[in-house]
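**Q** Supplied structure: upload-v3.txt, compact mmCIF, C-alpha atoms (C1' of nucleotides).
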```txt
# COMPACT_ATOMS: atom_id res chain seq x y z
CA MET A 246 98.13 31.31 101.40
CA LYS A 247 95.25 28.98 101.99
CA GLN A 248 92.89 29.28 104.90
CA SER A 249 92.96 25.52 105.41
CA LYS A 250 96.72 25.58 105.76
CA ARG A 251 96.56 28.39 108.31
CA ARG A 252 94.09 26.53 110.43
CA ARG A 253 96.11 23.34 110.31
CA LEU A 254 99.15 25.19 111.65
CA GLU A 255 97.28 27.22 114.23
CA ALA A 256 95.81 24.03 115.62
CA LYS A 257 99.28 22.90 116.68
CA GLY A 258 99.55 25.90 118.95
CA TRP A 259 101.50 28.23 116.65
CA LYS A 260 100.62 31.83 117.19
CA PHE A 261 102.17 34.93 115.72
CA GLY A 262 101.85 38.61 116.37
CA SER A 263 98.59 39.94 117.64
CA ALA A 264 96.28 37.02 118.19
CA LYS A 265 93.42 39.47 117.98
CA GLU A 266 90.61 37.68 116.25
CA PHE A 267 92.85 36.43 113.48
CA VAL A 268 96.45 35.42 113.21
CA ASN A 269 98.64 37.17 110.69
CA LEU A 270 101.35 34.89 109.40
CA THR A 271 103.95 36.09 106.95
CA ASP A 272 105.17 33.75 104.26
CA GLU A 273 108.45 33.40 106.15
CA ASP A 274 106.60 32.40 109.28
CA VAL A 275 104.75 29.74 107.35
CA GLU A 276 107.95 28.55 105.73
CA TYR A 277 109.55 28.20 109.15
CA ILE A 278 106.61 26.34 110.63
CA GLU A 279 106.33 23.94 107.74
CA LEU A 280 110.03 23.23 107.94
CA HIS A 281 109.62 22.57 111.63
CA LEU A 282 106.70 20.23 111.07
CA SER A 283 108.56 18.40 108.32
CA LEU A 284 111.32 17.54 110.76
CA ALA A 285 108.80 16.54 113.41
CA THR A 286 107.17 14.18 110.95
CA LEU A 287 110.49 12.65 109.97
CA LEU A 288 111.43 12.14 113.60
CA LYS A 289 108.24 10.22 114.31
CA LYS A 290 108.60 8.09 111.20
CA ARG A 291 112.24 7.37 111.90
CA ARG A 292 111.60 6.40 115.52
CA GLN A 293 108.77 4.12 114.51
CA SER A 294 110.74 2.47 111.75
CA LEU A 295 113.49 1.75 114.27
CA GLY A 296 110.92 0.28 116.65
CA TYR A 297 111.75 2.62 119.52
CA THR A 298 109.38 4.05 122.10
CA GLN A 299 109.48 7.74 122.89
CA THR A 300 111.00 6.85 126.24
CA GLU A 301 113.84 4.99 124.55
CA VAL A 302 114.57 7.85 122.21
CA ALA A 303 114.49 10.24 125.16
CA ALA A 304 117.21 8.20 126.85
CA LEU A 305 119.30 8.21 123.67
CA ILE A 306 119.34 11.98 123.55
CA SER A 307 119.33 12.68 127.29
CA SER A 308 115.87 14.14 127.18
CA SER A 309 112.45 13.11 128.46
CA GLN A 310 109.48 11.26 127.00
CA SER A 311 107.31 14.31 127.29
CA ARG A 312 109.71 16.37 125.25
CA VAL A 313 109.98 13.72 122.57
CA ALA A 314 106.18 13.69 122.39
CA LYS A 315 106.22 17.46 121.93
CA MET A 316 108.91 17.17 119.28
CA GLU A 317 106.85 14.75 117.24
CA ALA A 318 103.68 16.80 117.72
CA GLY A 319 105.32 19.85 116.17
CA ASP A 320 105.00 21.81 119.41
CA PRO A 321 106.18 25.41 118.97
CA THR A 322 108.20 25.29 122.19
CA VAL A 323 110.55 22.77 120.59
CA SER A 324 113.49 24.27 118.74
CA VAL A 325 114.66 23.17 115.33
CA ASP A 326 118.03 22.60 116.98
CA LEU A 327 116.56 19.95 119.24
CA LEU A 328 114.73 18.27 116.37
CA ILE A 329 117.92 18.11 114.36
CA ARG A 330 119.93 16.74 117.26
CA ALA A 331 117.31 14.05 117.80
CA LEU A 332 117.36 13.07 114.14
CA LEU A 333 121.14 12.89 114.09
CA ALA A 334 121.02 10.69 117.19
CA LEU A 335 118.74 8.32 115.28
CA GLY A 336 121.32 7.97 112.55
CA VAL A 337 119.92 10.43 110.06
CA ASN A 338 122.72 12.39 108.40
CA ARG A 339 122.65 16.06 107.65
CA ARG A 340 121.98 15.54 103.98
CA GLN A 341 118.86 13.56 104.86
CA VAL A 342 117.81 16.16 107.41
CA GLY A 343 118.15 18.80 104.74
CA ARG A 344 116.17 16.75 102.29
CA ALA A 345 113.33 16.37 104.78
CA MET A 346 113.30 20.09 105.51
CA GLY A 347 112.29 20.86 101.99
CA ALA A 348 109.75 18.10 101.64
CA ALA A 349 106.04 18.77 101.25
CA LEU A 350 103.94 18.31 104.35
CA PRO A 351 101.54 15.38 104.61
CA ALA A 352 97.96 16.51 104.28
CA MET B 242 137.48 11.69 111.50
CA LYS B 243 140.39 13.80 110.49
CA GLN B 244 142.52 15.77 112.89
CA SER B 245 142.53 18.75 110.57
CA LYS B 246 138.75 18.84 110.57
CA ARG B 247 138.64 18.73 114.36
CA ARG B 248 140.99 21.63 114.67
CA ARG B 249 139.06 23.70 112.15
CA LEU B 250 135.89 23.27 114.18
CA GLU B 251 137.49 23.77 117.56
CA ALA B 252 138.95 27.03 116.35
CA LYS B 253 135.45 28.47 115.99
CA GLY B 254 134.90 28.00 119.68
CA TRP B 255 133.05 24.69 119.64
CA LYS B 256 133.75 22.58 122.69
CA PHE B 257 132.17 19.35 123.79
CA GLY B 258 132.30 17.25 126.91
CA SER B 259 135.44 17.21 128.95
CA ALA B 260 137.81 19.70 127.46
CA LYS B 261 140.55 17.86 129.35
CA GLU B 262 143.60 17.91 127.15
CA PHE B 263 141.61 16.88 124.10
CA VAL B 264 138.08 17.34 122.93
CA ASN B 265 136.04 14.25 122.22
CA LEU B 266 133.52 14.86 119.47
CA THR B 267 131.11 12.16 118.42
CA ASP B 268 130.20 11.82 114.77
CA GLU B 269 126.79 13.31 115.57
CA ASP B 270 128.41 16.32 117.16
CA VAL B 271 130.51 16.86 114.07
CA GLU B 272 127.48 16.40 111.83
CA TYR B 273 125.63 19.04 113.81
CA ILE B 274 128.51 21.51 113.75
CA GLU B 275 129.10 21.11 110.03
CA LEU B 276 125.43 21.63 109.37
CA HIS B 277 125.57 24.76 111.46
CA LEU B 278 128.60 26.07 109.62
CA SER B 279 127.03 25.28 106.27
CA LEU B 280 124.11 27.55 107.10
CA ALA B 281 126.46 30.24 108.39
CA THR B 282 128.35 30.15 105.13
CA LEU B 283 125.18 30.37 103.09
CA LEU B 284 123.99 33.33 105.14
CA LYS B 285 127.18 35.26 104.50
CA LYS B 286 127.14 34.48 100.80
CA ARG B 287 123.49 35.36 100.48
CA ARG B 288 123.89 38.66 102.29
CA GLN B 289 126.86 39.61 100.19
CA SER B 290 125.16 38.68 96.94
CA LEU B 291 122.26 40.91 97.93
CA GLY B 292 124.69 43.71 98.70
CA TYR B 293 123.55 44.16 102.28
CA THR B 294 125.66 45.12 105.28
CA GLN B 295 125.37 43.15 108.50
CA THR B 296 123.62 46.13 110.02
CA GLU B 297 120.98 46.09 107.29
CA VAL B 298 120.34 42.39 107.71
CA ALA B 299 120.11 42.88 111.46
CA ALA B 300 117.34 45.42 110.94
CA LEU B 301 115.50 43.06 108.59
CA ILE B 302 115.37 40.34 111.21
CA SER B 303 115.07 42.56 114.30
CA SER B 304 118.46 41.58 115.55
CA SER B 305 121.78 43.34 115.96
CA GLN B 306 124.90 43.68 113.84
CA SER B 307 126.96 41.85 116.42
CA ARG B 308 124.67 38.86 116.31
CA VAL B 309 124.70 38.76 112.54
CA ALA B 310 128.50 38.76 112.71
CA LYS B 311 128.36 35.82 115.09
CA MET B 312 125.88 34.01 112.85
CA GLU B 313 128.19 34.29 109.88
CA ALA B 314 131.22 33.33 111.94
CA GLY B 315 129.59 30.05 112.97
CA ASP B 316 129.61 31.05 116.63
CA PRO B 317 128.30 28.21 118.83
CA THR B 318 126.06 30.58 120.79
CA VAL B 319 123.93 31.09 117.68
CA SER B 320 121.10 28.61 117.28
CA VAL B 321 120.23 26.87 114.05
CA ASP B 322 116.75 28.34 114.49
CA LEU B 323 118.15 31.85 114.25
CA LEU B 324 120.26 30.99 111.21
CA ILE B 325 117.25 29.54 109.46
CA ARG B 326 115.06 32.51 110.30
CA ALA B 327 117.71 34.84 108.95
CA LEU B 328 117.98 32.87 105.72
CA LEU B 329 114.22 32.84 105.26
CA ALA B 330 114.19 36.60 105.82
CA LEU B 331 116.70 36.93 102.98
CA GLY B 332 114.35 35.12 100.64
CA VAL B 333 115.86 31.65 100.81
CA ASN B 334 113.12 29.03 100.84
CA ARG B 335 113.13 25.93 102.99
CA ARG B 336 114.13 23.68 100.13
CA GLN B 337 117.22 25.79 99.56
CA VAL B 338 117.98 25.86 103.26
CA GLY B 339 117.76 22.09 103.30
CA ARG B 340 120.01 21.81 100.30
CA ALA B 341 122.64 23.97 101.99
CA MET B 342 122.50 21.93 105.17
CA GLY B 343 123.76 18.89 103.39
CA ALA B 344 126.42 20.64 101.37
CA ALA B 345 130.10 20.02 101.87
CA LEU B 346 131.98 22.65 103.83
CA PRO B 347 134.43 24.94 102.08
CA ALA B 348 138.01 24.05 102.95
C1' DT C 172 85.18 -3.76 131.61
C1' DC C 173 90.16 -3.59 133.76
C1' DT C 174 95.18 -3.30 133.14
C1' DC C 175 99.10 -1.70 131.31
C1' DA C 176 102.31 0.27 128.22
C1' DA C 177 102.68 4.11 125.14
C1' DT C 178 101.75 8.62 124.16
C1' DA C 179 99.97 13.32 125.16
C1' DT C 180 99.54 17.60 127.93
C1' DG C 181 100.64 21.06 131.62
C1' DT C 182 103.90 23.25 134.59
C1' DC C 183 108.19 25.14 136.19
C1' DA C 184 113.14 26.06 137.78
C1' DG C 185 117.39 26.13 135.61
C1' DA C 186 120.04 26.36 131.29
C1' DA C 187 120.78 28.27 126.84
C1' DC C 188 120.01 31.89 123.59
C1' DT C 189 119.01 36.71 122.34
C1' DG C 190 119.28 41.71 121.33
C1' DA C 191 121.57 45.43 122.92
C1' DT C 192 125.58 47.83 123.96
C1' DA C 193 130.37 48.90 124.10
C1' DT C 194 134.44 48.49 122.05
C1' DA C 195 138.07 46.70 119.00
C1' DT C 196 139.81 45.61 114.51
C1' DG C 197 139.90 45.95 109.86
C1' DT C 198 140.19 48.67 105.36
C1' DA C 199 139.47 52.04 102.45
C1' DT C 200 139.73 57.10 100.99
C1' DG C 201 141.33 61.62 101.38
C1' DC D 197 147.75 60.28 109.51
C1' DA D 198 142.58 60.90 110.42
C1' DT D 199 137.93 60.02 109.35
C1' DA D 200 134.37 56.82 108.15
C1' DC D 201 132.18 52.66 107.53
C1' DA D 202 132.01 47.55 107.92
C1' DT D 203 132.91 43.75 110.62
C1' DA D 204 134.53 41.28 114.84
C1' DT D 205 134.54 40.33 119.84
C1' DA D 206 132.98 40.71 124.75
C1' DT D 207 129.54 41.16 128.18
C1' DC D 208 125.06 40.90 130.22
C1' DA D 209 120.03 41.20 131.59
C1' DG D 210 115.82 39.53 129.74
C1' DT D 211 113.61 36.02 127.11
C1' DT D 212 113.09 31.39 125.39
C1' DC D 213 114.00 26.57 125.56
C1' DT D 214 114.90 22.46 128.23
C1' DG D 215 114.56 18.28 131.13
C1' DA D 216 112.02 16.70 134.68
C1' DC D 217 107.95 15.69 136.81
C1' DA D 218 103.01 14.98 137.37
C1' DT D 219 99.07 13.62 135.31
C1' DA D 220 95.81 12.56 131.56
C1' DT D 221 94.55 10.10 127.50
C1' DT D 222 94.84 6.50 124.21
C1' DG D 223 94.88 1.77 122.45
C1' DA D 224 95.34 -3.13 122.63
C1' DG D 225 94.88 -7.37 125.05
C1' DA D 226 92.52 -10.36 128.45
```
The structure in this file should be written as structure tokens.

**A**
Amino acid sequence: MKQSKRRRLEAKGWKFGSAKEFVNLTDEDVEYIELHLSLATLLKKRRQSLGYTQTEVAALISSSQSRVAKMEAGDPTVSVDLLIRALLALGVNRRQVGRAMGAALPA
Amino acid sequence: MKQSKRRRLEAKGWKFGSAKEFVNLTDEDVEYIELHLSLATLLKKRRQSLGYTQTEVAALISSSQSRVAKMEAGDPTVSVDLLIRALLALGVNRRQVGRAMGAALPA
DNA sequence: TCTCAATATGTCAGAACTGATATATGTATG
DNA sequence: CATACATATATCAGTTCTGACATATTGAGA
């Protein structure tokens, strides 16, 4: 896997295994992170296309603005479960969620 | 939504809101549960097609046989994150995971 | 520049999830 | 039937995730 891709992911705060000098991501790890980021990206796009603020979305899903911000930022402390629940709350169906999961990441 | 579908889901142990007399699932809740069960089904099929036991899969993903059993059974205490990580560990890529998420449930 | 709404970042107690363990229930084979 | 292996179910302490809160940063208008 590409160095550039690693750095892009690490910048979000993702860290695996021994963070000694250099992170060692397996292909599965990368697959998981990219999937996570794909959902984060969709959430942000969906919210914006609906014209909602993060605060409004937070209310919709009984969460908080700060957590919605973290969701959209691809923060590692946010679970895929939460991302999916947020998307469903914004009217995305599971087929669309699945589609997004497999989509290529924006550069 | 159909009564039969509700009962099928409730049987797995899924409960929402006030369990007073009758469960009240929103469409989003159902969408989430079905997505969850779709992944559980894929995991079981994938494991079986690879000829692994639950114990072997557990070792692969640093988990336990009992948790793998719960994963495959669609137990509500299993997160979608864990299901996805298990699938990735069995060589399913994120596109395939996404595809499965949107698939119709077996009757 | 100042203001203000939106978004981002850091922290933490409580809630949810996890692996481990024990044990029960299959389900074959001898 | 017993033994053996696979799977299911229950429980629980330790870990992770969560909403809430505080605060910082950004961006657009006046």

**Q** Between C:DT192, C:DT172, C:DT198, C:DT182, which residue has the minimum interatomic distance to chain B, considering all atoms listed in the file?

**A**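 Selected residue with least distance to chain B: C:DT192.
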
**Q** Tell me which residues come within 6 Å of (111.6, 23.5, 123.5), as a PyMOL selection string, counting all atoms listed in the file in the file's coordinates.

**A** (chain A and resi 322-324) or (chain D and resi 213-214)

**Q** Extract, using all atoms listed in the file, all DNA, RNA and protein residues at most 8 Å from range 306-315 of chain A, discarding same-chain residues fewer than 2 positions from it, and format them as a JSON list (two decimals) with C-alpha atoms (C1' of nucleotides), in the coordinates of the input.

**A**
```
[["chain", "number", "residue", "atom", "x", "y", "z"],
["A", 299, "GLN", "CA", 109.48, 7.74, 122.89],
["A", 300, "THR", "CA", 111.00, 6.85, 126.24],
["A", 302, "VAL", "CA", 114.57, 7.85, 122.21],
["A", 303, "ALA", "CA", 114.49, 10.24, 125.16],
["A", 304, "ALA", "CA", 117.21, 8.20, 126.85],
["A", 317, "GLU", "CA", 106.85, 14.75, 117.24],
["A", 318, "ALA", "CA", 103.68, 16.80, 117.72],
["A", 319, "GLY", "CA", 105.32, 19.85, 116.17],
["A", 320, "ASP", "CA", 105.00, 21.81, 119.41],
["A", 323, "VAL", "CA", 110.55, 22.77, 120.59],
["A", 330, "ARG", "CA", 119.93, 16.74, 117.26],
["A", 331, "ALA", "CA", 117.31, 14.05, 117.80],
["A", 334, "ALA", "CA", 121.02, 10.69, 117.19],
["C", 178, "DT", "C1'", 101.75, 8.62, 124.16],
["C", 179, "DA", "C1'", 99.97, 13.32, 125.16],
["D", 215, "DG", "C1'", 114.56, 18.28, 131.13],
["D", 216, "DA", "C1'", 112.02, 16.70, 134.68]]
```

**Q** As a list in words, please: the residues near range 275-282 of chain B (cut-off 7 Å, all atoms listed in the file, same-chain neighbours under 4 positions excluded).

**A**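 Those residues are Arg339 of chain A; Val271, Lys286, Met312, Glu313, Ala314, Gly315, Val321, Leu324, Ala341, Met342, Gly343, Ala344 and Leu346 of chain B.
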
**Q** What is the CA of Gln293 in chain A to CA of Val342 in chain A distance in Å?

**A**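 Interatomic distance, CA of Gln293 in chain A to CA of Val342 in chain A: 16.6 Å.
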
**Q** Sorted by chain and rising residue number, which residues of chain C lie within 9 Å of range 197-208 of chain D, and what are their closest atom pairs and distances in Å to one decimal, counting all atoms listed in the file, as CSV?

**A**
```
residue,atom,partner,partner_atom,distance
C:DT192,C1',D:DT207,C1',8.8
C:DA193,C1',D:DA206,C1',8.6
C:DT194,C1',D:DA206,C1',8.4
C:DA195,C1',D:DT205,C1',7.3
C:DT196,C1',D:DA204,C1',6.8
C:DG197,C1',D:DT203,C1',7.4
C:DT198,C1',D:DA202,C1',8.6
C:DA199,C1',D:DC201,C1',8.9
C:DT200,C1',D:DA200,C1',8.9
C:DG201,C1',D:DT199,C1',8.8
```

**Q** Please return, as a PyMOL selection string, all residues of chain C lying within 12 Å of chain A when only C-alpha atoms (C1' of nucleotides) are considered.

**A** chain C and resi 176-181+187-188

**Q** May I ask for the distance between CA of Arg292 in chain A and CA of Leu335 in chain A, given in Å to one decimal place?

**A**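 That distance, rounded to one decimal, is 7.4 Å.
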
**Q** For chain B, which of A:Pro321, A:Glu273, A:Tyr297, A:Leu287 is the closest residue, counting all atoms listed in the file?

**A**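 Among the listed residues, A:Glu273 lies closest to chain B.
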
**Q** Could you please give me, as a compact mmCIF listing (two decimals) with C-alpha atoms, in the coordinates of the input, the residues of protein, DNA or RNA lying at most 7 Å from (122.3, 15.0, 110.7) in the coordinate frame of the file, considering only C-alpha atoms (C1' of nucleotides)?

**A**
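result-v8.txt was written with the following content:
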```
# COMPACT_ATOMS: atom_id res chain seq x y z
CA ILE A 329 117.92 18.11 114.36
CA LEU A 332 117.36 13.07 114.14
CA LEU A 333 121.14 12.89 114.09
CA VAL A 337 119.92 10.43 110.06
CA ASN A 338 122.72 12.39 108.40
CA ARG A 339 122.65 16.06 107.65
CA ARG A 340 121.98 15.54 103.98
CA GLN A 341 118.86 13.56 104.86
CA VAL A 342 117.81 16.16 107.41
CA GLU B 269 126.79 13.31 115.57
CA GLU B 272 127.48 16.40 111.83
CA TYR B 273 125.63 19.04 113.81
```

**Q** Rounded to one decimal place, report the C1' of DA209 in chain D-CA of Gly254 in chain B distance in Å.

**A** 23.2 Å

**Q** Identify which of the residues B:Asp270, B:Glu297, B:Gly332, B:Gly339 lies closest to chain D, counting all atoms listed in the file when measuring atom-to-atom distances.

**A**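 When distances to chain D are compared using all atoms listed in the file, the smallest one comes from B:Glu297.
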
**Q** Here is a test: counting all atoms listed in the file, which residue of A:Leu254, A:Leu288, A:Ala349, A:Lys260 is nearest to chain B?

**A** A:Ala349

**Q** Compare B:Lys285, B:Arg247, B:Pro347, B:Leu301 by their minimum atom-to-atom distance to chain D, counting only C-alpha atoms (C1' of nucleotides), and give me the closest one.

**A** B:Lys285
